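K.L.:
So that we are looking at the same thing, I have put the structure below in structure tokens.
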Amino acid sequence: MKLPAAAASLIILLQSRVQAGVGAFISPLSSQVAFSSTVTGTFSHKNDGKGTNGSAPFVSKATLSSNDLNLDSSEILQAARAAKSITTNSIHISSFGSIPYVDTSMLTKKSQHRVVFVLGGPGAGKGTQSEKIVNNYKCIHLSVGELLRDERQRGDKSPHAELIESCLVAGKIVPVEISLNLLRNAMDNAYQDAKNGKGNTYGAPIFLVDGFPRNFDNLSGWTREMPEYAAVIGSLVYDCPIDVLEKRILSRAETSGRSDDNLESARKRFQTFQKQTMPVVRALEEVERMEVKEKGMGMIHIQHISGQGTVDEVWDATQTAMNEFIRNDVLTANAQLINAIDERKVDIYRELCSNEFLKGNGDSLAVERKFNEYELLDTNSKSEISNASVEVQDGTKVIVSYDRLVKDTNEKTIAEFRESRVWSHESKGWTCIHFVRKPLSEA
């Protein structure tokens, strides 16, 4: 089968790293995929606010301290302690080849949503960057502000339209019960649409929740009502000064038609963001710090991104931040796949591989033949993984490489090789579409 140019480029890239001794067929990739070298890298999440290779920070530092904002540190700490369950008990810290990651396997089993909060002042670029994330990472974007405005447009058909209108114009925050109800319904509907094949179908998507939580009441409401439905795995916080925001709001007002796109409303909303939302950001950062202290790594990761640059400059930083989130899902899938191979769980193996990779529609006989031919190295063996690395090719294609030692029940090494697997975000979630191996002695 002739591969599309983008797919062929990816295979050439992979084979240049690991000259294949054993391989498997790759599924056809979309010819529209354009791999970006700017987001390729080996990840090592250290929770230090630096780039993934320990380079200079790609994210902005918070522009104001708690003292500058007159924030009550005791109130922030209290809110953080109350919000610890925001990550739910469905995720935990694990390690793959010495790379620590957040294991998200139970979220899929429990059909719980993955959520990243997108926060920033009015005009900070949340909507623009969210649109680019959706296009490149196939996430689902839900703007609480848009949900509220849509509900307001329903007029007499909505019991909340008048209250929402008065809050938006005055720059005040809508009661949390209204926002959460609209958000939960939208998440469930979007998830079902994807599951039923409407639009782009991508399993286990990340939901970008734009403009929430805006205050401690929002955070408390989420912690009280949402952990059963969703786990918050992080937040993108776009930092931008008021003078830049005002210019953007005035420019946007020329075409947006929004009643709150004026200087007076913008300044009120910015003040509300600084006084009410920034303390929430500090509380979420404190949750991460507590997790790092307790577990060595945060299950939630708060990333500040400078919103002052051009759209492309901000997008570069946004991609780097998003790559850390998808890395967790990919490493979770790769670890599950290795365990399925070691434990001879062919059904799990089938779920983690694309049908094209399995050379068929995933029927049991075809899967078993594939498994026995390429994966079964011994009837009773276990794998040891080391020296792992992750390379993100784009928002839906990732390569995981690692040294793999296969030992029998007597701890005798029966095989050792460098293995690389290509993962693609598809209808079943992250699935393996190709792998190559080379003996370690030749690596």
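Going through the structure tokens in order, the chains are called A, B, and so on, while each chain numbers its residues from 1 and the ligands are numbered from 1 in the order shown.
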Skipping near chain neighbours, those fewer than 5 positions away, what residues fall within 9 Å of stretch 126-138 of chain A using only C-alpha atoms, listed as a tab-separated table (two decimals) with N, CA and C atoms, in the first residue's frame?
P.N.:
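Once written, part-v4.tsv looks like this:
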chain	number	residue	atom	x	y	z
A	118	VAL	N	-8.90	27.00	30.93
A	118	VAL	CA	-8.22	28.04	30.15
A	118	VAL	C	-8.62	29.38	30.76
A	119	LEU	N	-7.64	30.07	31.36
A	119	LEU	CA	-7.93	31.30	32.10
A	119	LEU	C	-7.08	32.46	31.60
A	120	GLY	N	-7.60	33.65	31.79
A	120	GLY	CA	-6.89	34.87	31.38
A	120	GLY	C	-7.86	36.03	31.37
A	121	GLY	N	-7.34	37.22	31.38
A	121	GLY	CA	-8.19	38.40	31.36
A	121	GLY	C	-8.92	38.55	30.03
A	143	SER	N	-16.53	27.31	25.99
A	143	SER	CA	-16.39	28.60	26.65
A	143	SER	C	-17.60	28.84	27.54
A	200	ASN	N	-15.64	15.37	13.92
A	200	ASN	CA	-14.39	14.64	14.09
A	200	ASN	C	-14.51	13.70	15.27
A	201	THR	N	-14.29	12.42	15.06
A	201	THR	CA	-14.45	11.44	16.13
A	201	THR	C	-13.10	11.10	16.73
A	202	TYR	N	-12.84	11.56	17.94
A	202	TYR	CA	-11.61	11.28	18.66
A	202	TYR	C	-11.97	10.81	20.06
A	205	PRO	N	-11.20	12.66	24.50
A	205	PRO	CA	-10.69	14.00	24.21
A	205	PRO	C	-10.43	14.80	25.48
A	206	ILE	N	-9.59	15.83	25.35
A	206	ILE	CA	-9.41	16.79	26.43
A	206	ILE	C	-10.41	17.92	26.21
A	208	LEU	N	-11.36	21.67	26.84
A	208	LEU	CA	-10.84	22.98	27.21
A	208	LEU	C	-11.98	23.79	27.77
A	210	ASP	N	-13.06	27.09	29.01
A	210	ASP	CA	-12.58	28.46	28.84
A	210	ASP	C	-13.35	29.40	29.78
A	211	GLY	N	-12.59	30.12	30.64
A	211	GLY	CA	-13.20	31.14	31.49
A	211	GLY	C	-13.85	30.59	32.76
A	236	LEU	N	-4.23	26.30	31.56
A	236	LEU	CA	-3.43	27.25	30.77
A	236	LEU	C	-3.86	28.64	31.21
A	237	VAL	N	-2.91	29.41	31.74
A	237	VAL	CA	-3.22	30.75	32.24
A	237	VAL	C	-2.49	31.76	31.36
A	238	TYR	N	-3.25	32.55	30.61
A	238	TYR	CA	-2.66	33.54	29.70
A	238	TYR	C	-2.53	34.88	30.42
A	307	GLY	N	0.76	36.20	27.10
A	307	GLY	CA	-0.15	36.49	26.00
A	307	GLY	C	0.17	37.76	25.26
A	311	VAL	N	0.24	36.10	17.74
A	311	VAL	CA	-0.54	34.87	17.85
A	311	VAL	C	0.35	33.65	17.70
A	314	VAL	N	2.60	33.12	20.85
A	314	VAL	CA	1.81	32.55	21.95
A	314	VAL	C	1.47	31.09	21.63
A	315	TRP	N	1.22	30.80	20.37
A	315	TRP	CA	0.88	29.43	19.96
A	315	TRP	C	2.06	28.48	20.19
A	318	THR	N	1.91	27.64	23.73
A	318	THR	CA	0.72	26.84	24.00
A	318	THR	C	0.93	25.39	23.59
A	319	GLN	N	1.57	25.18	22.43
A	319	GLN	CA	1.84	23.81	21.97
A	319	GLN	C	2.72	23.06	22.97
A	322	MET	N	0.56	22.10	25.87
A	322	MET	CA	-0.39	21.03	25.54
A	322	MET	C	0.31	19.69	25.37
A	326	ILE	N	-0.93	15.78	26.65
A	326	ILE	CA	-1.18	14.58	25.85
A	326	ILE	C	-0.14	13.50	26.11
A	394	ASP	N	2.91	16.00	16.16
A	394	ASP	CA	1.88	17.03	16.11
A	394	ASP	C	0.86	16.66	17.18
A	395	GLY	N	-0.27	17.35	17.20
A	395	GLY	CA	-1.23	17.13	18.28
A	395	GLY	C	-1.89	15.78	18.29
A	396	THR	N	-1.75	14.99	17.20
A	396	THR	CA	-2.38	13.67	17.16
A	396	THR	C	-1.41	12.54	16.83
A	425	HIS	N	-4.00	9.66	17.75
A	425	HIS	CA	-5.26	9.90	18.43
A	425	HIS	C	-6.40	9.64	17.45
K.L.:
May I have the residues within 10 Å of A:Gln153 as a list in words, using only C-alpha atoms and disregarding those fewer than 6 positions away in the same chain?
P.N.:
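Near neighbours after the sequence-gap exclusion: Leu147, Ala161, Glu162, Ile164 and Glu165 of chain A.
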K.L.:
Just to be explicit: take each residue in the selection above, keep all heavy atoms, and write the result as a PDB file, in the first residue's frame.
P.N.:
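This went into again_15.pdb:
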ATOM      1  N   LEU A 147     -21.396  29.811  26.455  1.00  0.00           N
ATOM      2  CA  LEU A 147     -22.564  29.058  26.917  1.00  0.00           C
ATOM      3  C   LEU A 147     -23.563  29.976  27.599  1.00  0.00           C
ATOM      4  O   LEU A 147     -24.784  29.856  27.403  1.00  0.00           O
ATOM      5  CB  LEU A 147     -22.124  27.946  27.882  1.00  0.00           C
ATOM      6  CG  LEU A 147     -21.308  26.795  27.280  1.00  0.00           C
ATOM      7  CD1 LEU A 147     -20.823  25.864  28.397  1.00  0.00           C
ATOM      8  CD2 LEU A 147     -22.136  26.011  26.263  1.00  0.00           C
ATOM      9  N   ALA A 161     -32.021  34.046  31.626  1.00  0.00           N
ATOM     10  CA  ALA A 161     -31.545  34.999  30.618  1.00  0.00           C
ATOM     11  C   ALA A 161     -31.344  36.402  31.190  1.00  0.00           C
ATOM     12  O   ALA A 161     -30.307  37.039  30.950  1.00  0.00           O
ATOM     13  CB  ALA A 161     -32.522  35.045  29.440  1.00  0.00           C
ATOM     14  N   GLU A 162     -32.287  36.892  31.953  1.00  0.00           N
ATOM     15  CA  GLU A 162     -32.207  38.260  32.483  1.00  0.00           C
ATOM     16  C   GLU A 162     -31.056  38.396  33.474  1.00  0.00           C
ATOM     17  O   GLU A 162     -30.310  39.383  33.443  1.00  0.00           O
ATOM     18  CB  GLU A 162     -33.526  38.632  33.146  1.00  0.00           C
ATOM     19  CG  GLU A 162     -33.589  40.091  33.580  1.00  0.00           C
ATOM     20  CD  GLU A 162     -34.947  40.487  34.135  1.00  0.00           C
ATOM     21  OE1 GLU A 162     -35.932  39.747  33.891  1.00  0.00           O
ATOM     22  OE2 GLU A 162     -35.034  41.527  34.818  1.00  0.00           O
ATOM     23  N   ILE A 164     -28.326  36.523  33.631  1.00  0.00           N
ATOM     24  CA  ILE A 164     -27.077  36.409  32.895  1.00  0.00           C
ATOM     25  C   ILE A 164     -26.731  37.732  32.212  1.00  0.00           C
ATOM     26  O   ILE A 164     -25.583  38.190  32.250  1.00  0.00           O
ATOM     27  CB  ILE A 164     -27.164  35.272  31.857  1.00  0.00           C
ATOM     28  CG1 ILE A 164     -27.256  33.910  32.566  1.00  0.00           C
ATOM     29  CG2 ILE A 164     -25.960  35.299  30.920  1.00  0.00           C
ATOM     30  CD1 ILE A 164     -27.525  32.757  31.635  1.00  0.00           C
ATOM     31  N   GLU A 165     -27.721  38.363  31.588  1.00  0.00           N
ATOM     32  CA  GLU A 165     -27.500  39.641  30.896  1.00  0.00           C
ATOM     33  C   GLU A 165     -26.979  40.704  31.857  1.00  0.00           C
ATOM     34  O   GLU A 165     -26.003  41.407  31.569  1.00  0.00           O
ATOM     35  CB  GLU A 165     -28.805  40.115  30.256  1.00  0.00           C
ATOM     36  CG  GLU A 165     -28.764  41.538  29.695  1.00  0.00           C
ATOM     37  CD  GLU A 165     -27.856  41.682  28.485  1.00  0.00           C
ATOM     38  OE1 GLU A 165     -27.482  40.643  27.893  1.00  0.00           O
ATOM     39  OE2 GLU A 165     -27.518  42.828  28.146  1.00  0.00           O
TER      40      GLU A 165
END
K.L.:
Please give the complete set of residues from stretch 84-250 of chain A that DSSP, run on the backbone, assigns to helix (DSSP H, G or I), formatted as an MDAnalysis selection string.
P.N.:
chainID A and resid 84:87 105:110 126:137 144:153 155:157 161:170 176:195 216:225 242:250
K.L.:
Write out as a PyMOL selection string which residues come within 10 Å of A:Pro227 when counting only C-alpha atoms, dropping same-chain ones fewer than 5 positions away.
P.N.:
chain A and resi 85-90+112-113+222+232
K.L.:
Keeping only C-alpha atoms, write the selected residues as a PDB file, in the first residue's frame.
P.N.:
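Generated output (result.pdb):
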ATOM      1  CA  SER A  85     -10.226  16.346  45.018  1.00  0.00           C
ATOM      2  CA  ILE A  86     -10.378  18.354  41.777  1.00  0.00           C
ATOM      3  CA  THR A  87      -8.081  15.793  40.137  1.00  0.00           C
ATOM      4  CA  THR A  88     -10.370  12.964  41.357  1.00  0.00           C
ATOM      5  CA  ASN A  89      -9.183   9.580  42.650  1.00  0.00           C
ATOM      6  CA  SER A  90      -9.197   8.180  39.096  1.00  0.00           C
ATOM      7  CA  GLN A 112     -14.862  10.609  33.084  1.00  0.00           C
ATOM      8  CA  HIS A 113     -13.879  13.699  31.123  1.00  0.00           C
ATOM      9  CA  TRP A 222     -16.723  22.467  40.762  1.00  0.00           C
ATOM     10  CA  VAL A 232      -8.960  18.553  36.033  1.00  0.00           C
TER      11      VAL A 232
END
K.L.:
With only C-alpha atoms as the counted atoms, please give the residues lying no more than 7 Å from A:Val422, apart from itself and same-chain residues fewer than 4 positions off, as a PyMOL selection string.
P.N.:
chain A and resi 398-400+432-435
K.L.:
Need the shell around A:Val244: protein/DNA/RNA residues with any atom at most 12 Å away, counting only C-alpha atoms. Skip same-chain ones fewer than 3 positions apart. Format as number ranges by chain?
P.N.:
A: 121-125, 239-241, 247-251, 266-267, 270, 306-310
K.L.:
What is the atom CA of A:Asp378-atom CA of A:Ile414 distance in Å, reported with one decimal?
P.N.:
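Going from atom CA of A:Asp378 over to atom CA of A:Ile414 covers 8.2 Å.
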K.L.:
Using atom CA of A:Met290 and atom CA of A:Asp329 as the two end points, give the distance in Å to one decimal.
P.N.:
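Distance between the two atoms: 22.5 Å.
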K.L.:
Find the nearest atom pair between each residue of stretch 211-244 of chain A and stretch 181-190 of chain A for residues within 12 Å, count only C-alpha atoms, give distances in Å to one decimal, sort rows by chain and ascending number, and present the table as CSV.
P.N.:
residue,atom,partner,partner_atom,distance
A:Gly211,CA,A:Leu183,CA,11.2
A:Phe212,CA,A:Leu183,CA,9.7
A:Pro213,CA,A:Leu183,CA,11.3
A:Asn218,CA,A:Asn181,CA,12.0
A:Gly221,CA,A:Asn181,CA,10.7
A:Trp222,CA,A:Arg184,CA,10.3
A:Glu225,CA,A:Asn181,CA,9.7
A:Met226,CA,A:Arg184,CA,8.1
A:Pro227,CA,A:Arg184,CA,11.3
A:Glu228,CA,A:Arg184,CA,11.0
A:Tyr229,CA,A:Arg184,CA,8.1
A:Ala230,CA,A:Arg184,CA,9.3
K.L.:
Produce a file of the selected residues containing C-alpha atoms, as a PDB file, in the first residue's frame.
P.N.:
ATOM      1  CA  GLY A 211     -13.201  31.136  31.492  1.00  0.00           C
ATOM      2  CA  PHE A 212     -13.904  28.891  34.487  1.00  0.00           C
ATOM      3  CA  PRO A 213     -13.469  28.837  37.477  1.00  0.00           C
ATOM      4  CA  ASN A 218     -16.829  28.598  41.130  1.00  0.00           C
ATOM      5  CA  GLY A 221     -18.879  24.455  43.172  1.00  0.00           C
ATOM      6  CA  TRP A 222     -16.723  22.467  40.762  1.00  0.00           C
ATOM      7  CA  GLU A 225     -20.307  18.829  41.909  1.00  0.00           C
ATOM      8  CA  MET A 226     -17.898  17.796  39.127  1.00  0.00           C
ATOM      9  CA  PRO A 227     -15.294  15.199  40.264  1.00  0.00           C
ATOM     10  CA  GLU A 228     -17.773  12.425  39.525  1.00  0.00           C
ATOM     11  CA  TYR A 229     -17.874  13.604  35.898  1.00  0.00           C
ATOM     12  CA  ALA A 230     -14.431  15.055  35.200  1.00  0.00           C
TER      13      ALA A 230
END
K.L.:
For A:His301, please output as a list of chain:residue names all residues within 7 Å (counting only C-alpha atoms; exclusion window: fewer than 6 positions along the same chain).
P.N.:
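That gives A:Ile233, A:Gly234, A:Ser235, A:Glu288.
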K.L.:
Can I get the selection written as a short mmCIF file (atom, residue, chain, number, x, y, z; two decimals), in the first residue's frame, with C-alpha atoms?
P.N.:
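Result saved to out39.cif:
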data_model
loop_
_atom_site.label_atom_id
_atom_site.label_comp_id
_atom_site.auth_asym_id
_atom_site.auth_seq_id
_atom_site.Cartn_x
_atom_site.Cartn_y
_atom_site.Cartn_z
CA ILE A 233 -5.48 17.71 34.72
CA GLY A 234 -4.24 21.27 34.39
CA SER A 235 -4.75 24.89 33.44
CA GLU A 288 -0.03 21.25 42.49
#
K.L.:
Kindly give the distance, in Å, that separates atom CA of A:Leu405 and atom CA of A:Glu384, rounded to a single decimal.
P.N.:
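Atom-to-atom, atom CA of A:Leu405 to atom CA of A:Glu384, that is 5.1 Å.
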K.L.:
Determine which residues of stretch 248-397 of chain A receive a DSSP assignment of strand (DSSP E or B), computed from the backbone, and state them as a list in words.
P.N.:
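Answer for stretch 248-397 of chain A restricted to strand (DSSP E or B) is His301, Ile302, Gln303, His304, Ile305, Ser306, Cys353, Ser381, Lys382, Ser383, Glu384, Ile385, Ser386, Asn387, Ala388, Ser389, Val390, Glu391, Val392, Gln393, Asp394 and Lys397 of chain A.
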K.L.:
Measuring atom to atom with only C-alpha atoms, identify which of A:Pro159, A:Ser111, A:Thr272, A:Gln78 is nearest to A:Leu284.
P.N.:
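Answer, going by the shortest atom-to-atom distance: A:Gln78.
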K.L.:
Between A:Glu324, A:Glu351, A:Asp150, A:Asp156, which residue has the minimum interatomic distance to A:Trp430, considering only C-alpha atoms?
P.N.:
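Between A:Glu324, A:Glu351, A:Asp150, A:Asp156, the residue approaching A:Trp430 most closely is A:Glu351.
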